[in-house]
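*Asks:* Dropping in input26.txt, with compact mmCIF, C-alpha atoms and all ligand atoms.
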# COMPACT_ATOMS: atom_id res chain seq x y z
CA MET A 1 71.46 115.74 115.99
CA TYR A 2 73.66 116.44 118.98
CA ALA A 3 77.39 117.04 118.75
CA ASN A 4 79.45 115.85 121.71
CA ASN A 5 83.11 116.75 121.47
CA ASP A 6 83.67 117.21 125.21
CA LYS A 7 86.49 114.68 125.48
CA ALA A 8 88.39 116.34 122.64
CA SER A 9 88.39 119.77 124.25
CA ALA A 10 90.94 118.56 126.84
CA ARG A 11 93.48 117.78 124.10
CA PRO A 12 95.58 120.58 122.63
CA LYS A 13 95.68 120.85 118.86
CA LEU A 14 98.40 118.69 117.30
CA THR A 15 100.79 120.77 115.19
CA VAL A 16 103.16 119.90 112.35
CA PRO A 17 106.40 120.54 114.33
CA GLN A 18 105.17 118.15 117.05
CA LEU A 19 105.24 115.23 114.60
CA ARG A 20 109.04 114.95 114.86
CA GLN A 21 108.78 115.14 118.66
CA TYR A 22 106.39 112.15 118.61
CA LYS A 23 109.04 110.27 116.63
CA ARG A 24 111.84 111.26 119.03
CA ASP A 25 109.66 110.25 122.03
CA ARG A 26 108.69 106.96 120.30
CA ARG A 27 105.01 107.88 120.71
CA LYS A 28 102.92 106.10 118.09
CA LEU A 29 100.78 108.31 115.88
CA VAL A 30 97.20 107.10 115.40
CA ALA A 31 95.69 108.01 112.04
CA LEU A 32 92.41 107.29 110.25
CA THR A 33 90.63 108.57 107.19
CA ALA A 34 87.39 110.55 107.45
CA TYR A 35 85.15 112.19 104.89
CA ASP A 36 82.44 114.00 106.89
CA ALA A 37 82.00 116.15 109.98
CA SER A 38 80.16 113.62 112.16
CA PHE A 39 82.74 110.85 111.86
CA ALA A 40 85.52 113.44 112.13
CA ALA A 41 84.07 114.56 115.48
CA VAL A 42 83.91 110.97 116.77
CA LEU A 43 87.51 110.29 115.67
CA ASP A 44 88.70 113.51 117.25
CA ALA A 45 86.89 112.80 120.52
CA SER A 46 88.33 109.25 120.50
CA GLY A 47 91.90 110.56 120.53
CA VAL A 48 92.92 110.03 116.90
CA ASP A 49 96.00 112.18 116.16
CA LEU A 50 95.89 112.50 112.38
CA ILE A 51 92.84 112.54 110.12
CA LEU A 52 93.27 112.10 106.39
CA VAL A 53 90.72 113.12 103.79
CA GLY A 54 92.03 110.37 101.57
CA ASP A 55 91.29 109.99 97.89
CA SER A 56 90.12 106.55 99.05
CA LEU A 57 86.85 108.50 99.17
CA GLY A 58 86.57 107.61 95.50
CA MET A 59 86.22 103.96 96.48
CA VAL A 60 84.49 103.95 99.87
CA VAL A 61 82.21 106.98 99.44
CA GLN A 62 81.71 107.27 95.68
CA GLY A 63 81.85 103.54 94.86
CA HIS A 64 84.51 103.66 92.14
CA ASP A 65 87.04 100.88 91.54
CA SER A 66 90.03 103.19 92.04
CA THR A 67 90.98 106.62 93.37
CA LEU A 68 91.54 108.03 89.88
CA PRO A 69 88.07 109.62 89.38
CA VAL A 70 88.39 111.79 92.51
CA THR A 71 88.59 115.49 91.64
CA LEU A 72 90.17 118.34 93.53
CA ASP A 73 86.68 119.78 94.11
CA ASP A 74 85.69 116.47 95.75
CA ALA A 75 88.73 116.58 98.04
CA ILE A 76 88.08 120.21 98.98
CA TYR A 77 84.39 119.57 99.67
CA HIS A 78 85.21 116.67 102.03
CA THR A 79 88.05 118.64 103.65
CA ARG A 80 85.61 121.44 104.53
CA CYS A 81 83.16 118.89 105.97
CA VAL A 82 85.81 117.12 108.07
CA ALA A 83 87.39 120.36 109.28
CA ARG A 84 84.08 121.40 110.84
CA GLY A 85 84.13 118.27 113.02
CA LEU A 86 87.69 118.66 114.34
CA ARG A 87 89.18 120.34 117.38
CA SER A 88 92.50 118.65 118.12
CA ALA A 89 93.50 116.23 115.37
CA LEU A 90 95.77 117.35 112.57
CA LEU A 91 93.99 117.32 109.23
CA ILE A 92 95.72 116.10 106.07
CA THR A 93 94.19 116.25 102.59
CA ASP A 94 95.19 114.02 99.68
CA LEU A 95 96.06 115.76 96.43
CA PRO A 96 93.91 113.79 93.95
CA PHE A 97 95.16 112.21 90.72
CA GLN A 98 97.01 114.77 88.54
CA SER A 99 96.16 117.72 90.77
CA ASP A 100 99.90 117.56 91.56
CA ALA A 101 101.06 116.86 87.99
CA THR A 102 103.16 120.04 88.04
CA ALA A 103 104.50 122.02 90.97
CA GLU A 104 102.29 124.99 90.07
CA ARG A 105 99.15 122.85 89.93
CA ALA A 106 100.09 121.28 93.25
CA LEU A 107 100.53 124.73 94.80
CA ASP A 108 97.04 125.77 93.65
CA ALA A 109 95.54 122.50 94.91
CA ALA A 110 97.39 122.61 98.24
CA THR A 111 96.46 126.26 98.79
CA ARG A 112 92.80 125.35 98.37
CA ALA A 113 93.21 122.40 100.76
CA LEU A 114 94.80 124.57 103.46
CA GLN A 115 92.16 127.27 102.98
CA ALA A 116 89.51 124.54 103.44
CA GLY A 117 91.00 123.59 106.82
CA ALA A 118 93.83 121.11 106.20
CA ALA A 119 97.19 121.57 107.92
CA MET A 120 99.11 119.38 105.49
CA VAL A 121 98.71 117.81 102.04
CA LYS A 122 99.67 114.29 101.00
CA LEU A 123 101.05 113.40 97.61
CA GLU A 124 102.13 110.09 96.14
CA GLY A 125 105.53 109.13 94.77
CA ALA A 126 109.07 110.48 94.51
CA GLY A 127 110.88 111.13 91.17
CA HIS A 128 109.62 114.41 89.73
CA LYS A 129 107.44 114.86 92.83
CA LEU A 130 110.59 115.68 94.82
CA ASP A 131 110.71 119.10 93.11
CA THR A 132 107.01 119.54 93.92
CA ILE A 133 107.55 118.70 97.58
CA ARG A 134 110.40 121.25 97.73
CA PHE A 135 108.26 123.83 95.89
CA LEU A 136 105.38 123.42 98.33
CA VAL A 137 107.50 123.37 101.47
CA GLU A 138 109.34 126.54 100.40
CA ARG A 139 105.89 128.13 100.12
CA GLU A 140 104.82 127.18 103.68
CA ILE A 141 102.78 124.10 102.76
CA PRO A 142 103.51 121.10 105.00
CA VAL A 143 103.74 117.87 103.01
CA CYS A 144 103.15 114.20 103.79
CA ALA A 145 104.76 111.88 101.22
CA HIS A 146 103.37 108.44 100.28
CA LEU A 147 105.52 105.54 98.99
CA GLY A 148 105.19 101.80 98.42
CA LEU A 149 101.82 100.96 96.92
CA THR A 150 100.68 104.32 95.56
CA PRO A 151 97.06 103.77 94.48
CA GLN A 152 97.18 106.56 91.87
CA SER A 153 99.75 104.36 90.01
CA VAL A 154 97.39 101.36 89.88
CA LEU A 155 97.34 101.22 86.06
CA ARG A 156 101.14 101.21 85.76
CA LEU A 157 101.50 98.75 88.67
CA GLY A 158 98.84 96.43 87.20
CA GLY A 159 96.87 96.18 90.45
CA TYR A 160 97.08 96.73 94.18
CA LYS A 161 100.23 94.72 94.91
CA VAL A 162 102.84 94.63 97.66
CA GLN A 163 105.83 96.80 96.68
CA GLY A 164 109.54 96.57 97.50
CA ARG A 165 109.87 92.80 97.68
CA GLU A 166 112.82 92.48 95.29
CA ALA A 167 116.21 93.79 96.44
CA ALA A 168 116.39 96.54 93.79
CA ALA A 169 112.87 97.76 94.53
CA ALA A 170 113.58 97.73 98.26
CA GLN A 171 116.73 99.83 97.74
CA ARG A 172 114.79 102.26 95.52
CA LEU A 173 112.17 102.66 98.22
CA ARG A 174 114.83 103.32 100.88
CA ASP A 175 116.43 105.94 98.60
CA ASP A 176 113.06 107.54 97.80
CA ALA A 177 112.16 107.70 101.49
CA ARG A 178 115.36 109.57 102.30
CA ALA A 179 114.82 111.82 99.26
CA VAL A 180 111.27 112.86 100.23
CA MET A 181 112.51 113.71 103.72
CA GLU A 182 115.40 115.74 102.31
CA ALA A 183 112.96 117.52 99.98
CA GLY A 184 111.07 118.68 103.09
CA ALA A 185 108.27 116.16 103.74
CA GLU A 186 107.36 116.05 107.43
CA LEU A 187 105.56 112.69 107.34
CA LEU A 188 105.69 109.57 105.16
CA VAL A 189 102.91 107.05 104.53
CA LEU A 190 104.24 103.58 103.67
CA GLU A 191 101.59 101.39 102.05
CA CYS A 192 101.82 97.64 101.42
CA VAL A 193 105.54 97.04 101.82
CA PRO A 194 107.25 94.17 103.65
CA SER A 195 107.37 94.75 107.41
CA THR A 196 111.18 94.44 107.53
CA LEU A 197 111.62 97.09 104.82
CA ALA A 198 109.22 99.48 106.58
CA ALA A 199 111.16 98.95 109.82
CA GLN A 200 114.46 99.83 108.07
CA VAL A 201 112.98 102.95 106.47
CA SER A 202 111.46 104.06 109.80
CA ALA A 203 114.80 103.61 111.58
CA ASP A 204 116.62 105.56 108.85
CA LEU A 205 114.41 108.68 108.89
CA ALA A 206 114.05 111.63 111.26
CA ILE A 207 110.41 112.07 110.17
CA ALA A 208 107.60 109.76 111.28
CA THR A 209 106.41 106.94 109.05
CA ILE A 210 102.72 106.00 109.03
CA GLY A 211 102.12 102.43 107.93
CA ILE A 212 99.20 100.71 106.24
CA GLY A 213 100.06 97.12 105.45
CA ALA A 214 103.66 97.93 106.45
CA GLY A 215 104.05 96.04 109.72
CA PRO A 216 104.30 97.07 113.37
CA ASP A 217 107.54 99.08 113.31
CA CYS A 218 106.30 102.24 111.63
CA ASP A 219 106.00 105.33 113.83
CA GLY A 220 102.23 105.34 113.41
CA GLN A 221 99.41 103.50 111.66
CA ILE A 222 96.55 104.48 109.39
CA LEU A 223 93.48 102.62 108.17
CA VAL A 224 90.59 103.58 105.95
CA LEU A 225 87.72 104.26 108.36
CA HIS A 226 85.28 102.02 106.47
CA ASP A 227 87.73 99.09 106.73
CA LEU A 228 88.03 99.54 110.49
CA LEU A 229 84.22 99.49 110.74
CA GLY A 230 83.83 96.50 108.42
CA VAL A 231 81.79 98.56 105.93
CA GLY A 232 82.45 98.17 102.23
CA THR A 233 81.13 97.89 98.72
CA GLY A 234 82.24 94.27 98.35
CA HIS A 235 85.83 94.85 97.26
CA ARG A 236 88.44 92.31 98.40
CA ARG A 237 89.57 92.93 101.99
CA PRO A 238 93.34 93.34 102.20
CA ARG A 239 95.13 91.32 104.91
CA PHE A 240 96.20 94.43 106.85
CA VAL A 241 92.58 95.33 107.61
CA LYS A 242 91.01 94.60 110.97
CA ASP A 243 87.34 95.09 111.80
CA PHE A 244 87.38 96.77 115.22
CA LEU A 245 83.61 97.33 115.29
CA CYS A 246 82.77 93.67 115.84
CA GLU A 247 84.80 93.66 119.07
CA GLY A 248 84.17 97.31 120.05
CA GLY A 249 80.36 97.25 119.95
CA SER A 250 79.96 100.92 118.97
CA VAL A 251 81.68 103.22 116.50
CA ALA A 252 83.36 105.24 119.26
CA ALA A 253 84.46 102.08 121.12
CA ALA A 254 85.86 100.60 117.88
CA ILE A 255 87.92 103.73 117.23
CA GLU A 256 89.14 103.86 120.82
CA ALA A 257 90.09 100.16 120.61
CA TYR A 258 92.04 100.83 117.40
CA ALA A 259 93.81 103.84 118.94
CA ALA A 260 94.76 101.87 122.06
CA ALA A 261 95.93 98.88 120.01
CA VAL A 262 98.19 101.11 117.88
CA ARG A 263 99.60 103.00 120.88
CA GLU A 264 100.30 99.79 122.79
CA GLY A 265 101.87 98.08 119.76
CA ARG A 266 99.13 95.41 119.55
CA PHE A 267 98.02 96.45 116.04
CA PRO A 268 99.10 95.57 113.45
CA GLY A 269 99.95 91.99 114.42
CA PRO A 270 102.18 89.68 112.37
CA GLU A 271 99.10 88.41 110.52
CA HIS A 272 98.47 91.89 109.11
CA GLY A 273 101.94 92.32 107.58
CA TYR A 274 103.80 91.14 104.47
CA ALA A 275 107.02 89.15 104.26
CA GLY A 276 109.87 90.36 102.04
O1 LIG A 301 93.49 107.62 100.29
C1 LIG A 301 93.74 107.12 101.40
O2 LIG A 301 92.86 106.85 102.22
C2 LIG A 301 95.12 106.83 101.71
C3 LIG A 301 95.40 105.97 102.90
C4 LIG A 301 95.06 104.58 102.59
C5 LIG A 301 96.80 106.11 103.38
O3 LIG A 301 96.00 107.25 101.01
Written as structure tokens, that's how I'd like the structure from this file.
Ligand code: KIV
*Replies:*
Amino acid sequence: MYANNDKASARPKLTVPQLRQYKRDRRKLVALTAYDASFAAVLDASGVDLILVGDSLGMVVQGHDSTLPVTLDDAIYHTRCVARGLRSALLITDLPFQSDATAERALDAATRALQAGAAMVKLEGAGHKLDTIRFLVEREIPVCAHLGLTPQSVLRLGGYKVQGREAAAAQRLRDDARAVMEAGAELLVLECVPSTLAAQVSADLAIATIGIGAGPDCDGQILVLHDLLGVGTGHRRPRFVKDFLCEGGSVAAAIEAYAAAVREGRFPGPEHGYAG
């Protein structure tokens, strides 16, 4: 096995305060998930800005039907693996189901994530999570919020469905987005919401939004790595997914093609978004 991270060494490490500068400069943030050191190194060398150890690992690595079985130990193990492959990208770790059920539990979980190499933790929802975001941020833990389709709520939502289509739900999402920013979140993932709503939220916030199934007007985009490579366990492919491997020809070329398409505003296209 040979590691080749030469291209990445030219890039300085992306830091949390720089995320707002990207937003001010209208520079798109390119994000992907990763779960191991080898793919992390390829993503880093291909110019990906943000790497998420997502609890999607429960589905694409472990083969479960949802993210609910993922444990904090799983997330920490994969964070350590990914961190070893990175030089420049900013590493975010998902707080798995119920590891953020109370602010104190979230602090323990987030501390472990940062000690494993993450620079930021992601947690789903608003409501009582606003106090948790505040609690973490006051204790020097950078937070990425996640609204819209929050996969840890799949049982309550009754499936993986587009969120924020009705006027009241759209207003709630706009209010929640402002509230997570005011609580101290430095980044916001918007998943499966109408493109127009995501555009409004992105225009309203001083922090960057990262879309997945949220249209072209977010400040950055994220995909699950396996979706970008067309690898899966046979689950239904959502409409926002694009297989970049079939046009890229190699893993590195596919990731570079994705990064270029996001930066140049060519991905996602209208066919990848949802109407209100
Ligand atoms: O778990 C994950 O990979 C995620 C992304 C889909 C945003 O939360």
*Asks:* Have a look at A:Asp108, A:Glu124, A:Asp217, A:Asp227 and name the one nearest to A:Gly265; count all atoms listed in the file.
*Replies:*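 Smallest separation from A:Gly265 among the options: A:Asp217.
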*Asks:* With all atoms listed in the file as the basis for distance, which of A:Leu91, A:Val70, A:Ala31, A:Ala75 is at the shortest distance from A:Lys13?
*Replies:*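 Checking each of A:Leu91, A:Val70, A:Ala31, A:Ala75 against A:Lys13, counting all atoms listed in the file, the winner is A:Leu91.
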*Asks:* Quote the spacing between atom CA of A:Leu229 and atom CA of A:Val143 in Å to one decimal place.
*Replies:*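 Between these atoms lies a distance of 27.9 Å.
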*Asks:* Once you count only C-alpha atoms and all ligand atoms, which residues end up within 8 Å of ligand LIG 301 (chain A), and could you hand them over as JSON, numbers by chain?
*Replies:* {"A": [33, 52, 53, 54, 55, 56, 57, 67, 94, 122, 146, 150, 151, 189, 190, 191, 211, 212, 222, 223, 224]}
*Asks:* If I take atom CA of A:Ala254 and atom CA of A:Ala118, how far is one from the other in Å, to one decimal?
*Replies:*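 It comes out at 24.9 Å.
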*Asks:* Using all atoms listed in the file, which of the listed residues (A:Leu107, A:Ala10, A:Ala37, A:Val241) sits closest to A:Leu228?
*Replies:*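 Among the listed residues, A:Val241 lies closest to A:Leu228.
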*Asks:* Quick one: pull the distance between atom CA of A:Ser46 and atom CA of A:Ala253, Å, one decimal.
*Replies:* 8.2 Å
*Asks:* Nearest to A:Val251 among A:His235, A:Arg20, A:Arg178, A:His226, with distances taken over only C-alpha atoms: which residue is it?
*Replies:*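 Distance minimum relative to A:Val251 lands on A:His226.
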*Asks:* Which residues are close to A:Leu95, i.e. within 8 Å by only C-alpha atoms, leaving aside same-chain residues fewer than 5 positions away? Reply as JSON, numbers by chain.
*Replies:* {"A": [55, 72, 75, 100, 106, 109, 110, 121, 122, 123]}
*Asks:* Can you take the partial stretch 37-62 of chain A, add N, CA, C and O atoms, and return it as an mmCIF file, keeping the file's coordinate frame?
*Replies:*
data_model
loop_
_atom_site.group_PDB
_atom_site.id
_atom_site.type_symbol
_atom_site.label_atom_id
_atom_site.label_comp_id
_atom_site.auth_asym_id
_atom_site.auth_seq_id
_atom_site.Cartn_x
_atom_site.Cartn_y
_atom_site.Cartn_z
ATOM 1 N N ALA A 37 81.827 115.483 108.686
ATOM 2 C CA ALA A 37 82.000 116.150 109.980
ATOM 3 C C ALA A 37 81.642 115.248 111.156
ATOM 4 O O ALA A 37 82.314 115.282 112.196
ATOM 5 N N SER A 38 80.603 114.427 111.014
ATOM 6 C CA SER A 38 80.160 113.620 112.160
ATOM 7 C C SER A 38 81.197 112.586 112.551
ATOM 8 O O SER A 38 81.557 112.441 113.725
ATOM 9 N N PHE A 39 81.696 111.832 111.549
ATOM 10 C CA PHE A 39 82.740 110.850 111.860
ATOM 11 C C PHE A 39 84.012 111.556 112.317
ATOM 12 O O PHE A 39 84.707 111.075 113.210
ATOM 13 N N ALA A 40 84.319 112.701 111.714
ATOM 14 C CA ALA A 40 85.520 113.440 112.130
ATOM 15 C C ALA A 40 85.432 113.774 113.617
ATOM 16 O O ALA A 40 86.410 113.636 114.358
ATOM 17 N N ALA A 41 84.243 114.197 114.063
ATOM 18 C CA ALA A 41 84.070 114.560 115.480
ATOM 19 C C ALA A 41 84.258 113.346 116.386
ATOM 20 O O ALA A 41 84.864 113.440 117.457
ATOM 21 N N VAL A 42 83.746 112.186 115.953
ATOM 22 C CA VAL A 42 83.910 110.970 116.770
ATOM 23 C C VAL A 42 85.391 110.579 116.829
ATOM 24 O O VAL A 42 85.916 110.233 117.894
ATOM 25 N N LEU A 43 86.079 110.637 115.702
ATOM 26 C CA LEU A 43 87.510 110.290 115.670
ATOM 27 C C LEU A 43 88.295 111.229 116.570
ATOM 28 O O LEU A 43 89.160 110.806 117.335
ATOM 29 N N ASP A 44 87.977 112.509 116.467
ATOM 30 C CA ASP A 44 88.700 113.510 117.250
ATOM 31 C C ASP A 44 88.462 113.260 118.743
ATOM 32 O O ASP A 44 89.412 113.236 119.544
ATOM 33 N N ALA A 45 87.215 113.035 119.108
ATOM 34 C CA ALA A 45 86.890 112.800 120.520
ATOM 35 C C ALA A 45 87.477 111.484 121.025
ATOM 36 O O ALA A 45 87.673 111.311 122.231
ATOM 37 N N SER A 46 87.780 110.556 120.109
ATOM 38 C CA SER A 46 88.330 109.250 120.500
ATOM 39 C C SER A 46 89.856 109.272 120.550
ATOM 40 O O SER A 46 90.478 108.226 120.715
ATOM 41 N N GLY A 47 90.458 110.437 120.341
ATOM 42 C CA GLY A 47 91.900 110.560 120.530
ATOM 43 C C GLY A 47 92.748 110.281 119.306
ATOM 44 O O GLY A 47 93.962 110.092 119.426
ATOM 45 N N VAL A 48 92.131 110.238 118.122
ATOM 46 C CA VAL A 48 92.920 110.030 116.900
ATOM 47 C C VAL A 48 93.778 111.272 116.659
ATOM 48 O O VAL A 48 93.313 112.402 116.804
ATOM 49 N N ASP A 49 95.065 111.056 116.320
ATOM 50 C CA ASP A 49 96.000 112.180 116.160
ATOM 51 C C ASP A 49 95.899 112.839 114.789
ATOM 52 O O ASP A 49 95.951 114.065 114.678
ATOM 53 N N LEU A 50 95.835 112.002 113.758
ATOM 54 C CA LEU A 50 95.890 112.500 112.380
ATOM 55 C C LEU A 50 94.653 112.022 111.635
ATOM 56 O O LEU A 50 94.322 110.828 111.678
ATOM 57 N N ILE A 51 93.998 112.927 110.927
ATOM 58 C CA ILE A 51 92.840 112.540 110.120
ATOM 59 C C ILE A 51 93.130 112.899 108.674
ATOM 60 O O ILE A 51 93.522 114.034 108.376
ATOM 61 N N LEU A 52 92.979 111.916 107.817
ATOM 62 C CA LEU A 52 93.270 112.100 106.390
ATOM 63 C C LEU A 52 91.974 112.104 105.597
ATOM 64 O O LEU A 52 91.185 111.153 105.675
ATOM 65 N N VAL A 53 91.759 113.173 104.834
ATOM 66 C CA VAL A 53 90.720 113.120 103.790
ATOM 67 C C VAL A 53 91.409 112.464 102.610
ATOM 68 O O VAL A 53 92.090 113.108 101.809
ATOM 69 N N GLY A 54 91.309 111.152 102.575
ATOM 70 C CA GLY A 54 92.030 110.370 101.570
ATOM 71 C C GLY A 54 91.261 110.347 100.259
ATOM 72 O O GLY A 54 90.028 110.431 100.248
ATOM 73 N N ASP A 55 92.010 110.161 99.159
ATOM 74 C CA ASP A 55 91.290 109.990 97.890
ATOM 75 C C ASP A 55 90.678 108.589 97.825
ATOM 76 O O ASP A 55 89.985 108.257 96.864
ATOM 77 N N SER A 56 90.886 107.791 98.887
ATOM 78 C CA SER A 56 90.120 106.550 99.050
ATOM 79 C C SER A 56 88.625 106.854 99.053
ATOM 80 O O SER A 56 87.809 105.953 98.880
ATOM 81 N N LEU A 57 88.265 108.126 99.224
ATOM 82 C CA LEU A 57 86.850 108.500 99.170
ATOM 83 C C LEU A 57 86.237 108.092 97.831
ATOM 84 O O LEU A 57 85.042 107.812 97.741
ATOM 85 N N GLY A 58 87.065 108.041 96.807
ATOM 86 C CA GLY A 58 86.570 107.610 95.500
ATOM 87 C C GLY A 58 86.030 106.190 95.539
ATOM 88 O O GLY A 58 85.074 105.849 94.835
ATOM 89 N N MET A 59 86.656 105.351 96.398
ATOM 90 C CA MET A 59 86.220 103.960 96.480
ATOM 91 C C MET A 59 85.149 103.767 97.564
ATOM 92 O O MET A 59 84.105 103.191 97.310
ATOM 93 N N VAL A 60 85.408 104.281 98.777
ATOM 94 C CA VAL A 60 84.490 103.950 99.870
ATOM 95 C C VAL A 60 83.273 104.869 99.966
ATOM 96 O O VAL A 60 82.256 104.483 100.543
ATOM 97 N N VAL A 61 83.371 106.075 99.413
ATOM 98 C CA VAL A 61 82.210 106.980 99.440
ATOM 99 C C VAL A 61 81.511 107.001 98.087
ATOM 100 O O VAL A 61 80.293 106.897 98.005
ATOM 101 N N GLN A 62 82.312 107.116 97.009
ATOM 102 C CA GLN A 62 81.710 107.270 95.680
ATOM 103 C C GLN A 62 81.461 105.941 94.964
ATOM 104 O O GLN A 62 80.739 105.917 93.967
#
